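J.: The file below is run19.cif, mmCIF, C-alpha atoms:
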data_upload
#
loop_
_atom_site.group_PDB
_atom_site.id
_atom_site.type_symbol
_atom_site.label_atom_id
_atom_site.label_comp_id
_atom_site.auth_asym_id
_atom_site.auth_seq_id
_atom_site.Cartn_x
_atom_site.Cartn_y
_atom_site.Cartn_z
ATOM 1 C CA MET V 16 -4.839 -8.508 12.412
ATOM 2 C CA ILE V 17 -3.133 -6.443 9.722
ATOM 3 C CA LEU V 18 -4.369 -6.749 6.147
ATOM 4 C CA GLU V 19 -2.011 -5.652 3.381
ATOM 5 C CA ALA V 20 -3.954 -3.362 1.089
ATOM 6 C CA ILE V 21 -3.780 -0.240 -1.048
ATOM 7 C CA VAL V 22 -5.505 3.002 -0.130
ATOM 8 C CA THR V 23 -6.458 5.653 -2.661
ATOM 9 C CA THR V 24 -7.198 9.212 -1.631
ATOM 10 C CA LEU V 25 -7.657 12.460 -3.513
ATOM 11 C CA ALA V 26 -5.838 15.730 -2.940
ATOM 12 C CA PRO V 27 -7.887 18.941 -2.881
ATOM 13 C CA ASP V 28 -7.032 19.459 -6.576
ATOM 14 C CA GLY V 29 -8.246 15.942 -7.447
ATOM 15 C CA THR V 30 -4.790 14.343 -7.808
ATOM 16 C CA LEU V 31 -4.941 10.623 -7.086
ATOM 17 C CA ASN V 32 -2.661 9.224 -4.384
ATOM 18 C CA VAL V 33 -2.106 5.459 -4.303
ATOM 19 C CA ALA V 34 -0.395 4.083 -1.192
ATOM 20 C CA PRO V 35 0.210 0.606 0.179
ATOM 21 C CA MET V 36 -1.071 0.404 3.700
ATOM 22 C CA GLY V 37 -1.671 -2.286 6.285
ATOM 23 C CA PRO V 38 -4.940 -1.458 8.031
ATOM 24 C CA LYS V 39 -5.791 -3.167 11.284
ATOM 25 C CA VAL V 40 -8.972 -5.171 10.964
ATOM 26 C CA GLY V 41 -11.036 -6.607 13.756
ATOM 27 C CA ARG V 42 -14.360 -8.274 14.307
ATOM 28 C CA ASP V 43 -16.402 -5.574 12.580
ATOM 29 C CA PRO V 44 -15.734 -6.080 8.853
ATOM 30 C CA ARG V 45 -16.887 -2.537 8.099
ATOM 31 C CA ARG V 46 -14.298 -0.829 10.335
ATOM 32 C CA PHE V 47 -10.565 -0.520 9.742
ATOM 33 C CA VAL V 48 -7.786 1.409 11.445
ATOM 34 C CA LEU V 49 -5.158 3.115 9.285
ATOM 35 C CA ARG V 50 -1.830 4.281 10.770
ATOM 36 C CA PRO V 51 -0.186 6.640 8.277
ATOM 37 C CA TYR V 52 2.583 9.004 9.301
ATOM 38 C CA ARG V 53 1.689 12.692 9.557
ATOM 39 C CA THR V 54 4.194 13.373 6.773
ATOM 40 C CA SER V 55 2.310 11.152 4.303
ATOM 41 C CA THR V 56 0.053 12.271 1.480
ATOM 42 C CA THR V 57 -2.570 9.763 2.634
ATOM 43 C CA TYR V 58 -2.744 11.478 6.034
ATOM 44 C CA ARG V 59 -2.999 14.969 4.506
ATOM 45 C CA ASN V 60 -5.736 13.895 2.096
ATOM 46 C CA LEU V 61 -7.783 12.103 4.770
ATOM 47 C CA LYS V 62 -7.389 15.003 7.204
ATOM 48 C CA GLY V 63 -8.560 17.312 4.418
ATOM 49 C CA HIS V 64 -11.763 15.571 3.406
ATOM 50 C CA GLY V 65 -11.982 12.203 5.169
ATOM 51 C CA GLU V 66 -12.889 9.847 2.345
ATOM 52 C CA GLY V 67 -11.077 7.233 0.277
ATOM 53 C CA VAL V 68 -11.067 3.691 -1.004
ATOM 54 C CA LEU V 69 -9.308 0.675 0.505
ATOM 55 C CA HIS V 70 -8.376 -2.009 -2.056
ATOM 56 C CA VAL V 71 -7.667 -5.669 -1.388
ATOM 57 C CA THR V 72 -5.557 -6.918 -4.264
ATOM 58 C CA ASP V 73 -3.057 -9.548 -5.276
ATOM 59 C CA ASP V 74 -1.649 -7.338 -8.048
ATOM 60 C CA VAL V 75 1.901 -7.214 -6.697
ATOM 61 C CA PHE V 76 3.129 -4.993 -9.531
ATOM 62 C CA LEU V 77 0.629 -2.337 -8.445
ATOM 63 C CA LEU V 78 1.732 -2.792 -4.842
ATOM 64 C CA ALA V 79 5.407 -2.495 -5.784
ATOM 65 C CA ARG V 80 4.862 0.680 -7.802
ATOM 66 C CA ALA V 81 2.756 2.224 -5.059
ATOM 67 C CA ALA V 82 5.475 1.460 -2.491
ATOM 68 C CA ILE V 83 8.278 3.286 -4.303
ATOM 69 C CA SER V 84 6.693 6.007 -6.376
ATOM 70 C CA LYS V 85 3.697 8.160 -6.905
ATOM 71 C CA VAL V 86 1.194 6.120 -8.852
ATOM 72 C CA SER V 87 -1.478 8.063 -10.664
ATOM 73 C CA ASP V 88 -1.601 6.395 -14.055
ATOM 74 C CA PHE V 89 -3.397 3.175 -13.129
ATOM 75 C CA PRO V 90 -6.863 2.749 -14.575
ATOM 76 C CA SER V 91 -9.469 3.873 -12.094
ATOM 77 C CA ARG V 92 -13.043 5.024 -11.973
ATOM 78 C CA PRO V 93 -14.955 7.290 -9.617
ATOM 79 C CA ALA V 94 -16.209 5.724 -6.398
ATOM 80 C CA ASN V 95 -19.951 5.347 -5.957
ATOM 81 C CA LYS V 96 -20.539 6.911 -2.524
ATOM 82 C CA VAL V 97 -17.385 8.858 -1.608
ATOM 83 C CA ARG V 98 -15.081 11.368 -3.245
ATOM 84 C CA GLY V 99 -12.458 8.888 -4.392
ATOM 85 C CA GLN V 100 -11.243 6.516 -7.069
ATOM 86 C CA ILE V 101 -11.530 2.735 -7.389
ATOM 87 C CA LEU V 102 -8.548 1.020 -8.996
ATOM 88 C CA GLN V 103 -9.734 -1.249 -11.781
ATOM 89 C CA THR V 104 -7.072 -3.905 -11.156
ATOM 90 C CA THR V 105 -8.247 -4.619 -7.636
ATOM 91 C CA GLY V 106 -9.964 -7.670 -6.268
ATOM 92 C CA ARG V 107 -12.235 -6.114 -3.630
ATOM 93 C CA TYR V 108 -12.701 -2.537 -2.616
ATOM 94 C CA HIS V 109 -14.231 -0.690 0.328
ATOM 95 C CA GLU V 110 -15.260 2.938 -0.076
ATOM 96 C CA PHE V 111 -14.837 4.580 3.321
ATOM 97 C CA ARG V 112 -15.266 7.642 5.473
ATOM 98 C CA VAL V 113 -13.140 8.682 8.443
ATOM 99 C CA VAL V 114 -15.000 8.347 11.737
ATOM 100 C CA ASP V 115 -12.098 9.286 14.036
ATOM 101 C CA LEU V 116 -8.664 10.804 13.476
ATOM 102 C CA ASP V 117 -6.045 11.036 16.226
ATOM 103 C CA ASP V 118 -2.925 12.833 15.026
ATOM 104 C CA SER V 119 -1.387 13.538 18.426
ATOM 105 C CA SER V 120 1.728 11.517 17.502
ATOM 106 C CA ASP V 121 3.853 11.142 14.359
ATOM 107 C CA ARG V 122 2.017 7.962 13.405
ATOM 108 C CA THR V 123 -1.653 8.810 13.298
ATOM 109 C CA THR V 124 -4.581 6.561 14.118
ATOM 110 C CA ILE V 125 -7.464 6.921 11.696
ATOM 111 C CA THR V 126 -10.598 4.841 12.169
ATOM 112 C CA ILE V 127 -12.531 4.377 8.960
ATOM 113 C CA GLU V 128 -15.896 2.866 8.210
ATOM 114 C CA ALA V 129 -16.856 1.266 4.901
ATOM 115 C CA VAL V 130 -19.929 2.842 3.313
ATOM 116 C CA ALA V 131 -19.886 0.776 0.094
ATOM 117 C CA GLU V 132 -17.982 -2.223 -1.190
ATOM 118 C CA GLY V 133 -17.632 -4.359 -4.237
ATOM 119 C CA ALA V 134 -15.468 -6.786 -6.179
ATOM 120 C CA LEU V 135 -13.976 -6.358 -9.623
ATOM 121 C CA SER V 136 -12.058 -9.599 -10.058
ATOM 122 C CA PRO V 137 -11.381 -12.789 -8.127
ATOM 123 C CA LEU V 138 -8.214 -12.952 -6.076
ATOM 124 C CA PHE V 139 -5.579 -15.431 -7.233
ATOM 125 C CA GLY V 140 -4.928 -17.129 -3.909
ATOM 126 C CA LEU V 141 -1.894 -17.861 -1.771
ATOM 127 C CA ASN V 142 1.521 -17.837 -3.390
ATOM 128 C CA ARG V 143 4.887 -17.520 -1.625
ATOM 129 C CA ALA V 144 6.278 -15.227 -4.318
ATOM 130 C CA LYS V 145 3.405 -12.756 -3.908
ATOM 131 C CA HIS V 146 4.014 -12.692 -0.162
ATOM 132 C CA ALA V 147 7.737 -12.150 -0.769
ATOM 133 C CA VAL V 148 6.944 -9.134 -2.954
ATOM 134 C CA VAL V 149 4.674 -7.748 -0.234
ATOM 135 C CA GLU V 150 7.527 -8.065 2.296
ATOM 136 C CA ALA V 151 9.945 -6.465 -0.177
ATOM 137 C CA ALA V 152 7.522 -3.576 -0.729
ATOM 138 C CA ILE V 153 7.196 -2.996 3.011
ATOM 139 C CA LEU V 154 10.982 -2.887 3.349
ATOM 140 C CA ALA V 155 11.200 -0.463 0.405
ATOM 141 C CA THR V 156 8.930 1.982 2.239
ATOM 142 C CA ARG V 157 11.191 1.930 5.295
ATOM 143 C CA LEU V 158 14.605 2.583 3.786
ATOM 144 C CA ASP V 159 14.923 5.883 5.633
ATOM 145 C CA PHE V 160 15.072 4.186 9.024
ATOM 146 C CA LEU V 161 16.119 0.544 8.521
ATOM 147 C CA PRO V 162 19.793 -0.478 8.223
ATOM 148 C CA ILE V 163 20.475 -0.873 4.500
ATOM 149 C CA ASP V 164 22.655 -3.961 5.006
ATOM 150 C CA GLY V 165 19.771 -5.715 6.762
ATOM 151 C CA VAL V 166 17.377 -4.742 3.974
ATOM 152 C CA MET V 167 19.810 -6.068 1.349
ATOM 153 C CA ALA V 168 20.134 -9.374 3.232
ATOM 154 C CA SER V 169 16.344 -9.688 3.416
ATOM 155 C CA TYR V 170 16.093 -8.997 -0.315
ATOM 156 C CA ARG V 171 18.549 -11.821 -1.036
ATOM 157 C CA ASP V 172 16.362 -14.220 0.964
ATOM 158 C CA LEU V 173 13.146 -12.982 -0.650
ATOM 159 C CA ALA V 174 14.660 -13.298 -4.140
ATOM 160 C CA VAL V 175 14.967 -17.050 -3.617
ATOM 161 C CA LEU V 176 11.215 -17.315 -2.976
ATOM 162 C CA VAL V 177 10.354 -15.194 -6.002
ATOM 163 C CA ASP V 178 12.692 -17.159 -8.274
ATOM 164 C CA LYS V 179 11.406 -20.479 -6.967
ATOM 165 C CA THR V 180 7.640 -19.863 -6.871
ATOM 166 C CA GLY V 181 6.892 -16.711 -8.850
ATOM 167 C CA GLY V 182 5.612 -16.013 -12.306
ATOM 168 C CA PRO V 183 6.370 -13.083 -14.615
ATOM 169 C CA ASP V 184 4.297 -10.581 -12.599
ATOM 170 C CA GLU V 185 6.033 -11.406 -9.331
ATOM 171 C CA ARG V 186 9.470 -11.294 -10.956
ATOM 172 C CA LEU V 187 8.717 -7.935 -12.577
ATOM 173 C CA ALA V 188 7.432 -6.461 -9.307
ATOM 174 C CA PHE V 189 10.352 -7.802 -7.278
ATOM 175 C CA GLY V 190 12.850 -6.566 -9.862
ATOM 176 C CA LEU V 191 11.362 -3.071 -9.700
ATOM 177 C CA LEU V 192 11.693 -3.033 -5.917
ATOM 178 C CA ALA V 193 15.200 -4.544 -5.951
ATOM 179 C CA ASP V 194 16.379 -1.897 -8.426
ATOM 180 C CA HIS V 195 14.950 0.833 -6.186
ATOM 181 C CA VAL V 196 16.750 -0.559 -3.132
ATOM 182 C CA GLN V 197 20.032 -0.884 -5.075
ATOM 183 C CA VAL V 198 19.872 2.775 -6.128
ATOM 184 C CA PHE V 199 19.128 3.808 -2.546
ATOM 185 C CA ALA V 200 22.037 1.691 -1.239
ATOM 186 C CA ARG V 201 24.451 3.212 -3.776
ATOM 187 C CA THR V 202 23.341 6.709 -2.826
ATOM 188 C CA ILE V 203 23.851 5.996 0.881
ATOM 189 C CA ARG V 204 27.258 4.438 0.327
ATOM 190 C CA GLN V 205 28.361 7.394 -1.797
ATOM 191 C CA GLY V 206 27.334 9.733 0.984
ATOM 192 C CA GLY V 207 24.448 11.274 -0.924
#
Could I get this file's structure written as structure tokens?
T.:
Amino acid sequence: MILEAIVTTLAPDGTLNVAPMGPKVGRDPRRFVLRPYRTSTTYRNLKGHGEGVLHVTDDVFLLARAAISKVSDFPSRPANKVRGQILQTTGRYHEFRVVDLDDSSDRTTITIEAVAEGALSPLFGLNRAKHAVVEAAILATRLDFLPIDGVMASYRDLAVLVDKTGGPDERLAFGLLADHVQVFARTIRQGG
């Protein structure tokens, strides 16, 4: 099963990287498999020192910002057992260490094991608008290789769910993503 989450890692100079990521989870709740591309900052940071924090959150604005930009200005605090940062707007977090890293293909396979965990706030629960924002964020991270017309059509469908079932946070997050996709589409259509 894939769990939509956010992973924080630190660069050698201490710069925080915040990235949405869908780790594979199985029967062992302490083990996850991440599949970042070798071109990603998350991959470089984990290859460099092998520690980070996986966050389970329903903060879709955080997820949206992480999907389309570098996010380093969210409140965080140092992790307890690893060199990393815990986002303070998260529901649950799992501090982890890399136990295996296979980077023999463009999409790496990194097995991680939780060494500490905690919860900062209760999760809201199921909401169609939140799920629509998650789907929109995933599409926004794949603009370089998905057909833009298909992405735009998906965004029109997802907008209906956000308008119908979302609150201010979901609308703000979806609007941020939709603006990003519109700018990308204009750039592509102008040949840039």
J.: Rounded to one decimal, what separation in Å do you get between CA of Val114 in chain V and CA of Val68 in chain V?
T.: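 Distance between the two atoms: 14.1 Å.
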J.: List the residues matched by the PyMOL selection byres ((chain V and resi 57) around 9) in the displayed structure as a VMD selection string, ordered by chain and then by residue number.
T.: chain V and resid 22 to 26 32 to 34 51 to 56 58 to 62
J.: Report the distance between CA of Gln103 in chain V and CA of Ser91 in chain V in Å, rounded to one decimal place.
T.: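 Answer for the CA of Gln103 in chain V to CA of Ser91 in chain V separation: 5.1 Å.
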J.: Skipping near chain neighbours, those fewer than 4 positions away, what residues fall within 12 Å of range 76-85 of chain V using only C-alpha atoms, listed as an NGL selection string?
T.: :V and (19-23 or 30-37 or 55-57 or 70-72 or 89-90 or 102-105 or 144-158 or 182-196 or 198-199)
J.: As a ChimeraX atom specification, please: the residues near Ala94 in chain V (cut-off 9 Å, only C-alpha atoms, same-chain neighbours under 5 positions excluded).
T.: /V:67-68,99-101,110,131
